[in-house]
>>> print(open('input38.txt').read())   # compact mmCIF, C-alpha atoms
# COMPACT_ATOMS: atom_id res chain seq x y z
CA MET A 44 8.77 23.69 -1.14
CA ARG A 45 10.97 21.33 -3.15
CA VAL A 46 10.76 17.71 -2.03
CA ILE A 47 12.64 14.56 -2.97
CA LEU A 48 10.56 11.51 -2.12
CA MET A 49 12.56 8.29 -2.06
CA ALA A 50 10.60 5.07 -2.58
CA SER A 51 12.35 1.80 -3.32
CA SER A 52 9.07 0.47 -4.73
CA PHE A 53 6.61 2.65 -6.61
CA HIS A 54 3.95 2.70 -9.31
CA PRO A 55 3.16 0.52 -11.28
CA THR A 56 3.67 -1.84 -8.31
CA THR A 57 0.48 -1.96 -6.24
CA GLY A 58 0.62 -1.91 -2.45
CA GLY A 59 -0.03 0.27 0.56
CA ALA A 60 3.41 1.91 0.62
CA GLU A 61 3.36 2.51 -3.13
CA THR A 62 -0.12 4.02 -2.97
CA TYR A 63 0.90 6.29 -0.09
CA ALA A 64 3.88 7.62 -2.04
CA HIS A 65 1.76 8.17 -5.17
CA VAL A 66 -0.97 10.03 -3.26
CA VAL A 67 1.42 12.22 -1.27
CA ALA A 68 3.52 13.12 -4.32
CA GLU A 69 0.52 14.02 -6.46
CA GLY A 70 -1.24 15.82 -3.61
CA LEU A 71 1.75 18.05 -2.82
CA ALA A 72 2.37 18.77 -6.50
CA ALA A 73 -1.27 19.84 -6.92
CA ARG A 74 -0.64 22.48 -4.23
CA GLY A 75 2.26 24.01 -6.12
CA HIS A 76 5.18 22.18 -4.53
CA HIS A 77 7.95 20.72 -6.69
CA VAL A 78 8.12 16.98 -6.05
CA THR A 79 10.68 14.54 -7.42
CA VAL A 80 10.14 10.85 -6.78
CA VAL A 81 13.33 8.78 -6.86
CA THR A 82 12.66 5.08 -7.22
CA ASP A 83 13.76 1.87 -8.89
CA ALA A 84 13.10 1.12 -12.55
CA PRO A 85 10.80 -1.85 -13.19
CA ARG A 86 12.71 -4.96 -14.15
CA ASP A 87 10.93 -5.17 -17.50
CA ALA A 88 11.58 -1.48 -18.31
CA ALA A 89 15.09 -0.96 -17.04
CA ASP A 90 15.85 2.29 -18.81
CA GLY A 91 14.18 4.78 -16.50
CA ARG A 92 11.43 5.78 -18.91
CA PRO A 93 8.09 7.13 -17.59
CA VAL A 94 5.28 4.73 -16.78
CA PRO A 95 1.63 5.46 -17.67
CA GLY A 96 -0.27 6.47 -14.56
CA ASP A 97 2.62 8.25 -12.86
CA PRO A 98 1.43 11.02 -10.49
CA ARG A 99 0.45 14.20 -12.28
CA GLY A 100 2.78 17.16 -11.97
CA VAL A 101 5.53 15.04 -10.40
CA THR A 102 9.02 14.35 -11.74
CA VAL A 103 9.73 10.62 -11.45
CA ARG A 104 13.35 9.48 -11.70
CA ARG A 105 13.70 5.71 -12.01
CA LEU A 106 17.26 4.63 -11.28
CA PHE A 107 18.77 1.83 -13.35
CA ARG A 108 22.44 2.50 -14.08
CA TYR A 109 23.46 1.04 -10.72
CA ARG A 110 22.70 -2.37 -12.21
CA GLU A 111 25.70 -1.99 -14.52
CA LEU A 112 27.92 -1.52 -11.47
CA LEU A 113 26.45 -4.59 -9.79
CA ALA A 114 27.11 -6.63 -12.91
CA ASP A 115 30.67 -5.33 -13.49
CA PRO A 116 33.09 -8.16 -12.55
CA SER A 117 35.87 -5.64 -11.90
CA LYS A 118 33.88 -4.10 -9.00
CA VAL A 119 33.74 -5.29 -5.42
CA LEU A 120 30.17 -6.53 -5.23
CA TRP A 121 29.76 -5.86 -1.51
CA GLU A 122 30.90 -2.26 -1.97
CA GLN A 123 28.53 -1.76 -4.90
CA ALA A 124 25.63 -3.27 -2.94
CA ALA A 125 26.13 -0.47 -0.43
CA PHE A 126 27.01 2.45 -2.68
CA SER A 127 26.06 1.81 -6.33
CA LEU A 128 22.99 4.07 -6.07
CA MET A 129 25.02 7.09 -5.02
CA PRO A 130 26.11 8.44 -8.46
CA GLU A 131 22.55 8.46 -9.84
CA LEU A 132 21.17 9.69 -6.54
CA ALA A 133 23.64 12.58 -6.45
CA ALA A 134 22.57 13.62 -9.95
CA CYS A 135 18.90 13.59 -8.91
CA VAL A 136 19.66 15.70 -5.85
CA GLU A 137 21.65 18.20 -7.91
CA GLU A 138 18.79 18.54 -10.38
CA ALA A 139 15.98 18.73 -7.82
CA ALA A 140 17.75 21.07 -5.34
CA PRO A 141 15.42 19.90 -2.55
CA ASP A 142 14.45 21.74 0.60
CA LEU A 143 13.53 18.43 2.22
CA VAL A 144 13.96 14.68 1.70
CA LEU A 145 11.11 12.29 2.47
CA THR A 146 11.80 8.55 2.60
CA ASN A 147 9.05 5.96 2.27
CA SER A 148 10.63 2.83 3.75
CA LEU A 149 13.21 1.50 6.17
CA ASP A 150 15.56 0.50 3.35
CA ALA A 151 15.73 4.14 2.17
CA ALA A 152 16.62 5.55 5.58
CA LEU A 153 20.40 5.64 5.16
CA ALA A 154 20.20 7.27 1.72
CA GLY A 155 17.72 9.80 3.07
CA LYS A 156 20.02 10.69 5.94
CA THR A 157 22.94 10.97 3.53
CA ILE A 158 21.05 13.50 1.38
CA SER A 159 20.02 15.37 4.52
CA VAL A 160 23.64 15.71 5.64
CA GLU A 161 24.93 16.58 2.17
CA ARG A 162 22.37 19.36 1.59
CA ASP A 163 21.82 20.39 5.24
CA ILE A 164 18.08 19.85 4.87
CA PRO A 165 15.47 18.05 7.01
CA TRP A 166 14.92 14.33 6.62
CA VAL A 167 11.32 13.17 7.10
CA ALA A 168 10.69 9.43 7.28
CA THR A 169 7.68 7.17 6.86
CA PHE A 170 7.86 3.43 7.47
CA HIS A 171 5.28 1.04 6.02
CA GLU A 172 6.92 -2.31 6.83
CA HIS A 173 4.49 -4.45 8.80
CA ALA A 174 6.84 -6.44 11.06
CA PRO A 175 10.48 -5.49 10.41
CA GLU A 176 11.45 -6.77 13.88
CA SER A 177 10.90 -10.32 12.62
CA GLU A 178 13.58 -9.95 9.92
CA ALA A 179 17.31 -10.52 10.37
CA LEU A 180 18.71 -7.76 12.61
CA GLY A 181 15.31 -6.12 12.31
CA SER A 182 15.13 -4.54 15.75
CA ALA A 183 18.67 -3.23 15.41
CA ARG A 184 17.84 -1.70 12.03
CA LEU A 185 14.91 0.10 13.61
CA ARG A 186 17.07 1.41 16.45
CA VAL A 187 19.68 2.61 13.96
CA ALA A 188 17.07 4.36 11.80
CA HIS A 189 15.34 6.09 14.71
CA GLY A 190 17.97 6.42 17.40
CA VAL A 191 21.22 6.80 15.43
CA LEU A 192 20.25 8.37 12.11
CA ARG A 193 17.52 10.36 13.88
CA PRO A 194 14.91 11.66 11.40
CA THR A 195 13.85 15.28 11.75
CA LEU A 196 10.25 14.06 11.66
CA VAL A 197 8.49 10.69 11.43
CA LEU A 198 5.07 10.51 9.80
CA ALA A 199 3.14 7.45 10.96
CA CYS A 200 0.04 6.30 9.10
CA SER A 201 -1.38 4.32 12.03
CA GLU A 202 -1.20 4.33 15.82
CA ASN A 203 0.66 1.01 16.03
CA TYR A 204 3.29 2.28 13.57
CA ALA A 205 3.55 5.50 15.58
CA GLU A 206 4.08 3.49 18.76
CA ARG A 207 6.80 1.44 17.07
CA ALA A 208 8.63 4.62 16.04
CA ARG A 209 8.38 6.02 19.57
CA ARG A 210 9.63 2.76 21.06
CA HIS A 211 12.74 2.72 18.89
CA GLY A 212 13.89 6.29 19.51
CA SER A 213 11.63 8.80 17.69
CA ALA A 214 9.17 9.60 20.48
CA GLU A 215 9.65 13.37 20.30
CA VAL A 216 9.41 13.68 16.51
CA THR A 217 6.65 11.22 15.60
CA ARG A 218 3.39 12.57 14.24
CA LEU A 219 0.34 10.42 13.52
CA ILE A 220 -1.34 11.24 10.19
CA PRO A 221 -3.72 8.45 9.19
CA HIS A 222 -4.02 7.37 5.57
CA GLY A 223 -6.46 9.16 3.31
CA VAL A 224 -8.43 8.01 0.27
CA ASP A 225 -9.49 9.79 -2.91
CA VAL A 226 -13.23 9.67 -2.26
CA THR A 227 -14.03 10.99 -5.73
CA ALA A 228 -12.28 8.04 -7.40
CA PHE A 229 -13.33 5.42 -4.86
CA ARG A 230 -17.06 6.10 -4.78
CA PRO A 231 -20.22 3.96 -4.64
CA ASP A 232 -21.69 5.05 -7.98
CA ARG A 233 -18.66 4.33 -10.16
CA ASP A 234 -19.70 2.38 -13.26
CA ALA A 235 -17.96 -1.00 -13.49
CA THR A 236 -20.09 -2.48 -16.27
CA ALA A 237 -17.25 -2.67 -18.78
CA LEU A 238 -14.87 -4.35 -16.32
CA ARG A 239 -17.50 -6.88 -15.24
CA ARG A 240 -18.01 -7.80 -18.87
CA HIS A 241 -14.25 -8.00 -19.40
CA HIS A 242 -14.04 -10.62 -16.64
CA GLY A 243 -17.13 -12.44 -17.92
CA TYR A 244 -19.27 -11.70 -14.85
CA ALA A 245 -23.04 -11.71 -15.26
CA ASP A 246 -25.14 -9.00 -13.65
CA SER A 247 -26.52 -11.60 -11.25
CA ASP A 248 -23.08 -12.85 -10.13
CA VAL A 249 -21.94 -11.91 -6.64
CA VAL A 250 -18.27 -10.97 -6.94
CA VAL A 251 -15.92 -11.14 -3.97
CA VAL A 252 -12.74 -9.08 -4.45
CA CYS A 253 -9.51 -9.38 -2.48
CA ALA A 254 -6.85 -6.73 -3.18
CA ALA A 255 -3.54 -7.66 -1.56
CA GLN A 256 0.06 -8.50 -2.34
CA LEU A 257 0.48 -12.22 -2.82
CA LYS A 258 2.19 -13.23 0.42
CA PRO A 259 1.26 -15.40 3.42
CA ARG A 260 0.26 -12.63 5.82
CA LYS A 261 -2.59 -11.55 3.54
CA GLY A 262 -4.59 -14.75 4.07
CA ILE A 263 -5.44 -15.28 0.41
CA ARG A 264 -5.00 -19.06 0.44
CA GLU A 265 -7.33 -19.26 3.43
CA LEU A 266 -9.84 -17.12 1.53
CA VAL A 267 -9.74 -19.46 -1.47
CA GLU A 268 -10.26 -22.44 0.85
CA ALA A 269 -13.20 -20.64 2.45
CA PHE A 270 -14.69 -19.70 -0.91
CA ALA A 271 -15.05 -23.30 -2.12
CA PRO A 272 -18.08 -24.17 0.05
CA VAL A 273 -19.57 -20.71 -0.60
CA HIS A 274 -19.47 -21.38 -4.34
CA ARG A 275 -21.01 -24.83 -3.88
CA ARG A 276 -23.91 -23.25 -1.98
CA HIS A 277 -24.17 -20.24 -4.32
CA PRO A 278 -22.94 -21.13 -7.86
CA GLY A 279 -23.25 -17.51 -8.96
CA THR A 280 -20.41 -16.35 -6.72
CA ARG A 281 -17.02 -15.39 -8.13
CA LEU A 282 -13.68 -14.51 -6.49
CA LEU A 283 -11.23 -12.01 -7.97
CA VAL A 284 -7.80 -11.65 -6.36
CA VAL A 285 -5.73 -8.66 -7.46
CA GLY A 286 -2.26 -7.97 -6.17
CA ALA A 287 1.39 -7.69 -6.99
CA VAL A 288 4.05 -10.34 -6.56
CA SER A 289 6.97 -9.00 -4.52
CA SER A 290 10.34 -10.26 -3.34
CA SER A 291 8.65 -11.45 -0.14
CA SER A 292 6.13 -13.61 -2.02
CA GLY A 293 8.42 -16.62 -2.47
CA ASP A 294 6.48 -19.59 -3.83
CA TYR A 295 3.18 -18.28 -2.45
CA PRO A 296 1.69 -17.41 -5.89
CA ARG A 297 2.42 -20.92 -7.17
CA ARG A 298 0.89 -22.54 -4.11
CA LEU A 299 -2.14 -20.26 -4.39
CA ARG A 300 -2.78 -21.39 -7.95
CA GLU A 301 -2.29 -25.02 -6.93
CA ASP A 302 -5.00 -24.53 -4.27
CA ILE A 303 -7.37 -23.11 -6.87
CA ASP A 304 -6.78 -26.10 -9.15
CA ARG A 305 -7.09 -28.63 -6.32
CA LEU A 306 -10.42 -27.18 -5.21
CA GLY A 307 -11.83 -27.19 -8.74
CA LEU A 308 -12.22 -23.40 -8.81
CA THR A 309 -10.25 -22.50 -11.94
CA GLU A 310 -13.38 -21.26 -13.73
CA VAL A 311 -14.61 -19.04 -10.91
CA VAL A 312 -11.48 -17.77 -9.11
CA ARG A 313 -9.21 -15.41 -10.99
CA VAL A 314 -5.80 -14.09 -9.87
CA ASP A 315 -4.67 -10.89 -11.59
CA THR A 316 -1.15 -9.68 -10.74
CA GLY A 317 -1.15 -6.89 -13.34
CA VAL A 318 -3.59 -4.44 -11.75
CA THR A 319 -1.93 -1.05 -11.25
CA PHE A 320 -2.76 1.78 -8.85
CA ASP A 321 -4.88 3.69 -11.36
CA ARG A 322 -7.15 0.69 -12.05
CA MET A 323 -8.07 -0.03 -8.44
CA PRO A 324 -11.18 2.21 -8.33
CA ASP A 325 -12.73 0.20 -11.17
CA VAL A 326 -11.77 -3.13 -9.58
CA LEU A 327 -13.44 -2.21 -6.30
CA ALA A 328 -16.46 -0.80 -8.14
CA LEU A 329 -17.21 -4.24 -9.62
CA ALA A 330 -17.10 -5.88 -6.17
CA ASP A 331 -20.21 -6.92 -4.28
CA VAL A 332 -18.09 -7.91 -1.26
CA VAL A 333 -14.47 -7.04 -0.43
CA ALA A 334 -12.63 -9.63 1.66
CA GLN A 335 -9.29 -8.68 3.24
CA PRO A 336 -8.40 -11.59 5.55
CA SER A 337 -4.97 -10.30 6.55
CA SER A 338 -3.60 -11.36 9.92
CA GLY A 339 -2.07 -7.93 10.49
CA GLU A 340 -1.84 -4.44 8.97
CA GLY A 341 -1.02 -0.89 9.85
CA LEU A 342 -3.94 1.25 8.67
CA SER A 343 -4.85 -0.68 5.53
CA LEU A 344 -5.31 1.48 2.45
CA ALA A 345 -6.91 -1.42 0.59
CA MET A 346 -9.59 -1.61 3.27
CA LEU A 347 -10.11 2.16 3.29
CA GLU A 348 -10.46 2.18 -0.49
CA ALA A 349 -13.10 -0.56 -0.32
CA MET A 350 -14.99 1.35 2.37
CA SER A 351 -14.80 4.58 0.38
CA ALA A 352 -16.24 2.69 -2.61
CA GLY A 353 -19.22 1.80 -0.44
CA ARG A 354 -18.48 -1.92 -0.49
CA PRO A 355 -19.11 -4.21 2.49
CA LEU A 356 -15.81 -5.20 4.04
CA LEU A 357 -14.95 -8.57 5.58
CA THR A 358 -11.73 -8.58 7.56
CA VAL A 359 -9.97 -10.08 10.57
CA ASP A 360 -9.98 -8.71 14.10
CA PHE A 361 -6.20 -8.18 14.14
CA PRO A 362 -4.37 -5.85 16.57
CA GLY A 363 -4.97 -2.27 15.50
CA VAL A 364 -8.02 -2.88 13.30
CA GLU A 365 -10.08 -0.77 15.72
CA GLU A 366 -8.42 2.34 14.25
CA LEU A 367 -10.26 1.54 11.05
CA VAL A 368 -13.53 0.01 12.19
CA ARG A 369 -13.91 1.26 15.76
CA GLU A 370 -17.51 2.27 15.03
CA PRO A 371 -20.27 -0.39 15.03
CA ASP A 372 -21.72 -1.80 11.83
CA VAL A 373 -18.88 -0.66 9.60
CA ALA A 374 -17.41 -4.05 8.65
CA VAL A 375 -17.77 -7.75 9.32
CA LEU A 376 -14.96 -8.94 11.62
CA VAL A 377 -13.93 -12.55 12.07
CA PRO A 378 -11.63 -13.69 14.89
CA SER A 379 -8.96 -15.15 12.60
CA PRO A 380 -8.36 -15.96 8.92
CA GLU A 381 -9.32 -19.59 9.51
CA PRO A 382 -11.37 -20.77 6.49
CA ALA A 383 -14.32 -21.80 8.66
CA HIS A 384 -14.70 -18.25 10.02
CA LEU A 385 -14.41 -16.73 6.56
CA THR A 386 -16.90 -19.18 5.06
CA ARG A 387 -19.60 -18.34 7.63
CA ALA A 388 -19.13 -14.61 7.12
CA LEU A 389 -19.12 -14.88 3.34
CA LEU A 390 -22.27 -16.98 3.32
CA GLY A 391 -24.05 -14.31 5.34
CA LEU A 392 -22.95 -11.47 3.06
CA VAL A 393 -23.59 -13.32 -0.21
CA ALA A 394 -27.14 -14.18 0.84
CA ASP A 395 -28.15 -10.72 2.08
CA ALA A 396 -27.98 -7.85 -0.43
CA THR A 397 -29.72 -5.51 2.02
CA GLU A 398 -27.04 -6.06 4.63
CA ARG A 399 -24.32 -5.55 2.05
CA ALA A 400 -25.82 -2.20 1.08
CA ARG A 401 -26.18 -1.10 4.72
CA LEU A 402 -22.57 -1.96 5.56
CA GLY A 403 -21.37 -0.19 2.43
CA ARG A 404 -23.22 3.01 3.36
CA ARG A 405 -21.85 3.00 6.90
CA ALA A 406 -18.32 2.41 5.66
CA ARG A 407 -18.53 5.27 3.18
CA GLU A 408 -19.82 7.63 5.89
CA LEU A 409 -16.84 6.78 8.12
CA VAL A 410 -14.30 7.43 5.37
CA LEU A 411 -15.90 10.78 4.51
CA ALA A 412 -15.75 11.78 8.17
CA ARG A 413 -12.20 10.68 9.00
CA PHE A 414 -10.12 9.32 6.13
CA THR A 415 -10.21 11.62 3.10
CA ARG A 416 -7.16 12.28 0.97
CA GLU A 417 -7.61 16.04 1.33
CA ARG A 418 -7.38 15.76 5.11
CA MET A 419 -4.23 13.65 4.84
CA ILE A 420 -2.56 16.02 2.36
CA ASP A 421 -3.51 19.04 4.51
CA GLU A 422 -1.86 17.52 7.58
CA THR A 423 1.16 16.21 5.66
CA GLU A 424 1.79 19.56 3.97
CA ARG A 425 1.63 21.40 7.30
CA ALA A 426 3.98 18.89 8.92
CA LEU A 427 6.55 19.18 6.14
CA LEU A 428 6.42 22.97 6.02
CA GLY A 429 6.76 22.98 9.79
CA VAL A 430 10.25 21.45 9.74
CA LEU A 431 11.71 23.80 7.13
CA PRO A 432 12.63 26.74 9.45
CA SER A 433 14.72 24.46 11.68
CA ALA A 434 16.83 23.55 8.67
CA ARG A 435 17.76 27.13 8.00
>>> encode(input="input38.txt", output="structure tokens")
Amino acid sequence: MRVILMASSFHPTTGGAETYAHVVAEGLAARGHHVTVVTDAPRDAADGRPVPGDPRGVTVRRLFRYRELLADPSKVLWEQAAFSLMPELAACVEEAAPDLVLTNSLDAALAGKTISVERDIPWVATFHEHAPESEALGSARLRVAHGVLRPTLVLACSENYAERARRHGSAEVTRLIPHGVDVTAFRPDRDATALRRHHGYADSDVVVVCAAQLKPRKGIRELVEAFAPVHRRHPGTRLLVVGAVSSSSGDYPRRLREDIDRLGLTEVVRVDTGVTFDRMPDVLALADVVAQPSSGEGLSLAMLEAMSAGRPLLTVDFPGVEELVREPDVAVLVPSPEPAHLTRALLGLVADATERARLGRRARELVLARFTRERMIDETERALLGVLPSAR
């Protein structure tokens, strides 16, 4: 099987959608399939060159020449905004000769359908946007993607995303395949000594890690606010926030750093926006507690990775979280990301190493039973192969 996977955002950017694309591409390539990822070039490396940590065995094509068309004053900018990707995209399709196109986001749907029509091949879609209905013309865009463009197959990583696809016109072609985690990389016994030393953490420090894109929905400012009284009570606590800054971040990163300064936490709270996909296992290995106070997710890969690493997870009881922690004693749930709730939960976890270890063991057991990468790749491979005969 020859697959083109279109992802507007990809490694080295860190996020759930980017991780999904990386894992699926590498997993299919490891099983002998030819996978080409077509994505955008990073702004600081706008020549399409490879990036360290790209998925093994996968051809990655980073498009960048479209930027010349956008900058050409002789071109109609509106026209180029719609079609400037097409020349590079056509060249990628010609080279890859795909049997199937897989798109990883709503903004890639039209291009995916275009390739499907051009090559007479199936178009499989995944959608990782959390609340696209809240954006301008968001509901209409969903209806167009599902009901007008009509994917051959929709792969949904969570039940609430599957329900959204069904509601907007893909009921008959939607298949639920929950996220999976590399349990050999995200494991409890991974040695994080070097990284702890790099960050200046003592062996006795209790490190709280939050891995999330820097944007309001993730609740990071509330976590910092909640951490201040925890640090006053337990001076050996530290908070490490790792996550990318995206176009949806706005001034959130600046305001986050202002909060840290205002609360007098500059020596004990660190924000690292440069952590890439391949470094996440080490980051989670140094954590004593993982706090993910998001107000809403699909099936959060960041949470699954923390659970696979055997770390106690603190999160919010948002709609759909029961898919992840439906079993008792798997995570600590708070009713909302209000700082007071987070503070009480953090104080309990910081003070009780035995409870942290127990929660970590239970979380790891759940991931091994239900959320392994091998299970996800098995189901995804079968689903993709299953649509190929209908295209012939």
>>> atom_distance(input="input38.txt", atom1="CA of Met49 (chain A)", atom2="CA of Ala64 (chain A)")
8.7 Å
>>> closest_residue(input="input38.txt", among="A:Gly100, A:Gly58, A:Pro259, A:Gly91", to="His76 (chain A)", atoms="all atoms listed in the file")
A:Gly100
>>> residues_near_point(input="input38.txt", point="(-15.9, -26.8, -0.6)", cutoff="12 Å", atoms="all atoms listed in the file", output="PyMOL selection string")
chain A and resi 266-278+302-303+305-308+382-383+386
>>> residues_around(input="input38.txt", residues="Arg92 (chain A)", least_positions_apart="3", cutoff="12 Å", atoms="only C-alpha atoms", output="list of chain:residue names")
A:Thr82, A:Asp83, A:Ala84, A:Pro85, A:Arg86, A:Asp87, A:Ala88, A:Ala89, A:Pro95, A:Asp97, A:Thr102, A:Val103, A:Arg104, A:Arg105, A:Leu106, A:Phe107
>>> closest_residue(input="input38.txt", among="A:Gln123, A:Ser213, A:Asn147, A:Thr227", to="Ser351 (chain A)", atoms="only C-alpha atoms")
A:Thr227
>>> residues_around(input="input38.txt", residues="Ala349 (chain A)", least_positions_apart="4", cutoff="10 Å", atoms="all atoms listed in the file", output="mmCIF file with C-alpha atoms, keeping the file's coordinate frame")
data_model
loop_
_atom_site.group_PDB
_atom_site.id
_atom_site.type_symbol
_atom_site.label_atom_id
_atom_site.label_comp_id
_atom_site.auth_asym_id
_atom_site.auth_seq_id
_atom_site.Cartn_x
_atom_site.Cartn_y
_atom_site.Cartn_z
ATOM 1 C CA VAL A 224 -8.430 8.010 0.270
ATOM 2 C CA PHE A 229 -13.330 5.420 -4.860
ATOM 3 C CA ARG A 230 -17.060 6.100 -4.780
ATOM 4 C CA PRO A 231 -20.220 3.960 -4.640
ATOM 5 C CA VAL A 252 -12.740 -9.080 -4.450
ATOM 6 C CA CYS A 253 -9.510 -9.380 -2.480
ATOM 7 C CA ALA A 254 -6.850 -6.730 -3.180
ATOM 8 C CA MET A 323 -8.070 -0.030 -8.440
ATOM 9 C CA PRO A 324 -11.180 2.210 -8.330
ATOM 10 C CA VAL A 326 -11.770 -3.130 -9.580
ATOM 11 C CA LEU A 327 -13.440 -2.210 -6.300
ATOM 12 C CA ALA A 328 -16.460 -0.800 -8.140
ATOM 13 C CA ALA A 330 -17.100 -5.880 -6.170
ATOM 14 C CA VAL A 332 -18.090 -7.910 -1.260
ATOM 15 C CA VAL A 333 -14.470 -7.040 -0.430
ATOM 16 C CA ALA A 334 -12.630 -9.630 1.660
ATOM 17 C CA GLN A 335 -9.290 -8.680 3.240
ATOM 18 C CA LEU A 344 -5.310 1.480 2.450
ATOM 19 C CA ALA A 345 -6.910 -1.420 0.590
ATOM 20 C CA GLY A 353 -19.220 1.800 -0.440
ATOM 21 C CA ARG A 354 -18.480 -1.920 -0.490
ATOM 22 C CA PRO A 355 -19.110 -4.210 2.490
ATOM 23 C CA LEU A 356 -15.810 -5.200 4.040
ATOM 24 C CA GLY A 403 -21.370 -0.190 2.430
ATOM 25 C CA ALA A 406 -18.320 2.410 5.660
ATOM 26 C CA ARG A 407 -18.530 5.270 3.180
ATOM 27 C CA VAL A 410 -14.300 7.430 5.370
#
>>> closest_residue(input="input38.txt", among="A:Leu367, A:Leu357, A:Ala60, A:Ala73", to="Ile420 (chain A)", atoms="only C-alpha atoms")
A:Ala73
>>> closest_residue(input="input38.txt", among="A:Ala396, A:Ala388, A:Leu128, A:Val191", to="Ser247 (chain A)", atoms="only C-alpha atoms")
A:Ala396
>>> closest_residue(input="input38.txt", among="A:Pro98, A:Pro93, A:Gly212, A:Gly363", to="Leu71 (chain A)", atoms="only C-alpha atoms")
A:Pro98
>>> atom_distance(input="input38.txt", atom1="CA of Asp331 (chain A)", atom2="CA of Thr280 (chain A)")
9.7 Å
>>> closest_residue(input="input38.txt", among="A:Glu424, A:Glu131, A:Asp325, A:Glu381", to="Glu111 (chain A)", atoms="all atoms listed in the file")
A:Glu131
>>> residues_near_point(input="input38.txt", point="(-7.9, 3.5, 12.8)", cutoff="9 Å", atoms="only C-alpha atoms", output="MDAnalysis selection string")
chainID A and resid 201:202 221 341:343 363:369
>>> atom_distance(input="input38.txt", atom1="CA of Asp234 (chain A)", atom2="CA of Thr319 (chain A)")
18.2 Å
>>> decode(input="input38.txt", residues="region 299-340 of chain A", atoms="C-alpha atoms", output="compact mmCIF listing (two decimals), in the first residue's frame")
# COMPACT_ATOMS: atom_id res chain seq x y z
CA LEU A 299 1.72 32.97 31.16
CA ARG A 300 5.21 34.29 31.77
CA GLU A 301 3.80 37.44 33.35
CA ASP A 302 1.85 35.22 35.78
CA ILE A 303 5.03 33.35 36.69
CA ASP A 304 6.86 36.62 37.38
CA ARG A 305 3.94 38.11 39.34
CA LEU A 306 3.73 35.05 41.59
CA GLY A 307 7.47 35.04 42.27
CA LEU A 308 7.94 31.62 40.66
CA THR A 309 10.64 32.38 38.08
CA GLU A 310 13.17 30.14 39.84
CA VAL A 311 10.90 27.13 40.17
CA VAL A 312 8.57 27.21 37.13
CA ARG A 313 10.11 26.63 33.72
CA VAL A 314 8.38 26.94 30.32
CA ASP A 315 10.09 25.06 27.48
CA THR A 316 8.59 25.57 24.01
CA GLY A 317 11.36 23.67 22.21
CA VAL A 318 10.57 20.10 23.26
CA THR A 319 10.01 17.90 20.20
CA PHE A 320 8.11 14.63 19.81
CA ASP A 321 11.18 12.44 20.28
CA ARG A 322 12.09 14.04 23.63
CA MET A 323 8.71 13.55 25.30
CA PRO A 324 9.48 10.11 26.81
CA ASP A 325 12.41 11.61 28.74
CA VAL A 326 10.37 14.62 29.85
CA LEU A 327 7.63 12.43 31.27
CA ALA A 328 10.20 10.10 32.85
CA LEU A 329 11.50 12.95 35.03
CA ALA A 330 7.98 13.78 36.26
CA ASP A 331 6.74 12.82 39.71
CA VAL A 332 3.25 14.12 38.85
CA VAL A 333 1.73 14.97 35.46
CA ALA A 334 -0.93 17.69 35.53
CA GLN A 335 -3.12 18.19 32.44
CA PRO A 336 -5.81 20.68 33.51
CA SER A 337 -7.42 21.05 30.08
CA SER A 338 -11.09 21.99 29.95
CA GLY A 339 -11.68 19.69 26.98
CA GLU A 340 -9.95 17.10 24.79
